[in-house]
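Visitor: Below is a structure I'd like to ask you about.
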Amino acid sequence: AKHLSDEGNVSIAIVDKMIFFRFENYELSSTLIDGQFPNYMRVIPENQLYNFKVQKNELVESLKRTAIMVDKKAGRIFFTICPGVLKLTSQESDSGDAEVEIPCEYAGEETTIAMNYRYIEEPLRVMNTERITFEFSGEMKAVTLLSEPAEDYFHIIMPMQMASLMPVLSISYVNYRNIQNSTINLLSKEVYFVGENGQGKSNLLESVYYCAYGNSFRTRADAEVVKNGCDDFSIKTLYKRENETTESISIYFENGKKRIDKNGKLIKDRKDL
């Protein structure tokens, strides 16, 4: 298509399982693929439960700034949506991390969704409105990206996993946010965390991420995780590997410094997690 001029005709012919194109001095042919075209309608959500709105120019600039520190292979950026604020963070790496906040219009419980920033940048380039709307129903469900006001097109983005999958057996807490000092066993096939908004469900998810990556997806300052009135905290996770052996990861924050242990041994590089 990039070779086409603004004027002239294009001839198209289909013969058996071949398609032919002729325009100007070019002749092209291609083989048609057998099979049924995928039912793309199945991935388009009929109704979304929540939405937030941002200024397009602010989102574009924040993506550029955050993407500098993103693992280019994964392209994962964390979108933490709170009433009035959208926070974009990159996963902490040896090169550093990034955190950018911009205003947003949102009324709901704090939610974090991980997405590939490229799948957001690309549609933004062709959207000519000043405001952008994101619609979503959960952390791992399809996100709808629309212009504001809505046009006759939209984009569907599938979220990414926020942490590596591993069968967690238990998590132990000491002075961690608003969670009682205790051990939560997760041996059941299905585990449900139920509670009103602001009761600590996101804190539980954050703690699993902490032990998977060695840092929070909600804040860059470990001191903010310490329970009010305390000076230190710890999280210990027991999990099962593919070979059925049990291992542990512990996060300690004491005297203003963080320490990470794996199976009782100090971890100096988070890649070893």
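Just so we're on the same page: first chain in the structure tokens is A, next is B, and so on; residues restart at 1 for each chain, and ligands are numbered from 1 in the order they show up.
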Which of region 100-216 of chain A counts as helix (DSSP H, G or I) under DSSP, as an mmCIF file with N, CA and C atoms, in the first residue's frame please?
Guide:
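Result saved to part.cif:
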data_model
loop_
_atom_site.group_PDB
_atom_site.id
_atom_site.type_symbol
_atom_site.label_atom_id
_atom_site.label_comp_id
_atom_site.auth_asym_id
_atom_site.auth_seq_id
_atom_site.Cartn_x
_atom_site.Cartn_y
_atom_site.Cartn_z
ATOM 1 N N ARG A 118 3.329 -0.277 24.378
ATOM 2 C CA ARG A 118 3.288 -0.109 22.914
ATOM 3 C C ARG A 118 1.863 -0.225 22.385
ATOM 4 N N TYR A 119 1.061 -1.097 23.030
ATOM 5 C CA TYR A 119 -0.317 -1.291 22.570
ATOM 6 C C TYR A 119 -1.210 -0.107 22.921
ATOM 7 N N ILE A 120 -0.691 0.822 23.713
ATOM 8 C CA ILE A 120 -1.415 2.056 24.012
ATOM 9 C C ILE A 120 -0.884 3.199 23.152
ATOM 10 N N GLU A 121 0.428 3.254 22.989
ATOM 11 C CA GLU A 121 1.034 4.314 22.168
ATOM 12 C C GLU A 121 0.537 4.266 20.726
ATOM 13 N N GLU A 122 0.449 3.071 20.156
ATOM 14 C CA GLU A 122 0.100 2.951 18.741
ATOM 15 C C GLU A 122 -1.289 3.516 18.418
ATOM 16 N N PRO A 123 -2.354 3.134 19.131
ATOM 17 C CA PRO A 123 -3.652 3.744 18.814
ATOM 18 C C PRO A 123 -3.722 5.226 19.134
ATOM 19 N N LEU A 124 -2.960 5.674 20.149
ATOM 20 C CA LEU A 124 -2.989 7.095 20.489
ATOM 21 C C LEU A 124 -2.506 7.963 19.327
ATOM 22 N N LYS A 201 -7.602 -5.538 50.391
ATOM 23 C CA LYS A 201 -7.474 -6.592 49.373
ATOM 24 C C LYS A 201 -6.295 -6.306 48.443
ATOM 25 N N SER A 202 -6.114 -5.052 48.052
ATOM 26 C CA SER A 202 -4.983 -4.698 47.188
ATOM 27 C C SER A 202 -3.659 -4.896 47.910
ATOM 28 N N ASN A 203 -3.654 -4.730 49.235
ATOM 29 C CA ASN A 203 -2.431 -4.946 50.007
ATOM 30 C C ASN A 203 -1.983 -6.400 49.924
ATOM 31 N N LEU A 204 -2.940 -7.330 49.922
ATOM 32 C CA LEU A 204 -2.611 -8.749 49.810
ATOM 33 C C LEU A 204 -1.981 -9.047 48.450
ATOM 34 N N LEU A 205 -2.570 -8.490 47.378
ATOM 35 C CA LEU A 205 -2.006 -8.692 46.049
ATOM 36 C C LEU A 205 -0.617 -8.063 45.948
ATOM 37 N N GLU A 206 -0.463 -6.907 46.547
ATOM 38 C CA GLU A 206 0.827 -6.225 46.523
ATOM 39 C C GLU A 206 1.901 -7.065 47.194
ATOM 40 N N SER A 207 1.551 -7.745 48.299
ATOM 41 C CA SER A 207 2.544 -8.529 49.024
ATOM 42 C C SER A 207 3.053 -9.711 48.193
ATOM 43 N N VAL A 208 2.159 -10.323 47.400
ATOM 44 C CA VAL A 208 2.590 -11.411 46.511
ATOM 45 C C VAL A 208 3.556 -10.864 45.461
ATOM 46 N N TYR A 209 3.219 -9.702 44.909
ATOM 47 C CA TYR A 209 4.098 -9.068 43.924
ATOM 48 C C TYR A 209 5.452 -8.716 44.554
ATOM 49 N N TYR A 210 5.414 -8.225 45.789
ATOM 50 C CA TYR A 210 6.637 -7.867 46.508
ATOM 51 C C TYR A 210 7.610 -9.035 46.530
ATOM 52 N N CYS A 211 7.090 -10.221 46.855
ATOM 53 C CA CYS A 211 7.956 -11.388 46.974
ATOM 54 C C CYS A 211 8.381 -11.935 45.616
ATOM 55 N N ALA A 212 7.633 -11.620 44.561
ATOM 56 C CA ALA A 212 7.998 -12.070 43.219
ATOM 57 C C ALA A 212 9.059 -11.179 42.590
ATOM 58 N N TYR A 213 8.982 -9.854 42.862
ATOM 59 C CA TYR A 213 9.874 -8.902 42.200
ATOM 60 C C TYR A 213 10.770 -8.113 43.158
#
Visitor: Can you work out which one of A:Arg220, A:Arg125, A:Lys141, A:Lys56 has the shortest atom-to-atom distance to Gly96 (chain A), counting only C-alpha atoms?
Guide: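 Nearest candidate to Gly96 (chain A) out of A:Arg220, A:Arg125, A:Lys141, A:Lys56: A:Arg220.
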Visitor: So that I can see what lies close to Gln199 (chain A), please list as a PyMOL selection string the residues with an atom at most 12 Å from it, counting only C-alpha atoms and leaving out residues fewer than 3 positions away in the same chain.
Guide: chain A and resi 109-110+177-180+193-196+202-204
Visitor: Tell me which of A:Tyr173, A:Ile19, A:Ile44, A:Thr245 sits closest to Leu32 (chain A), counting only C-alpha atoms.
Guide: A:Ile19
Visitor: Between A:Ile267, A:Ile171, A:Met69, A:Ala223, which is the closest to Asn255 (chain A) once you count only C-alpha atoms?
Guide: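 Of the candidates, the smallest distance to Asn255 (chain A) is held by A:Ala223.
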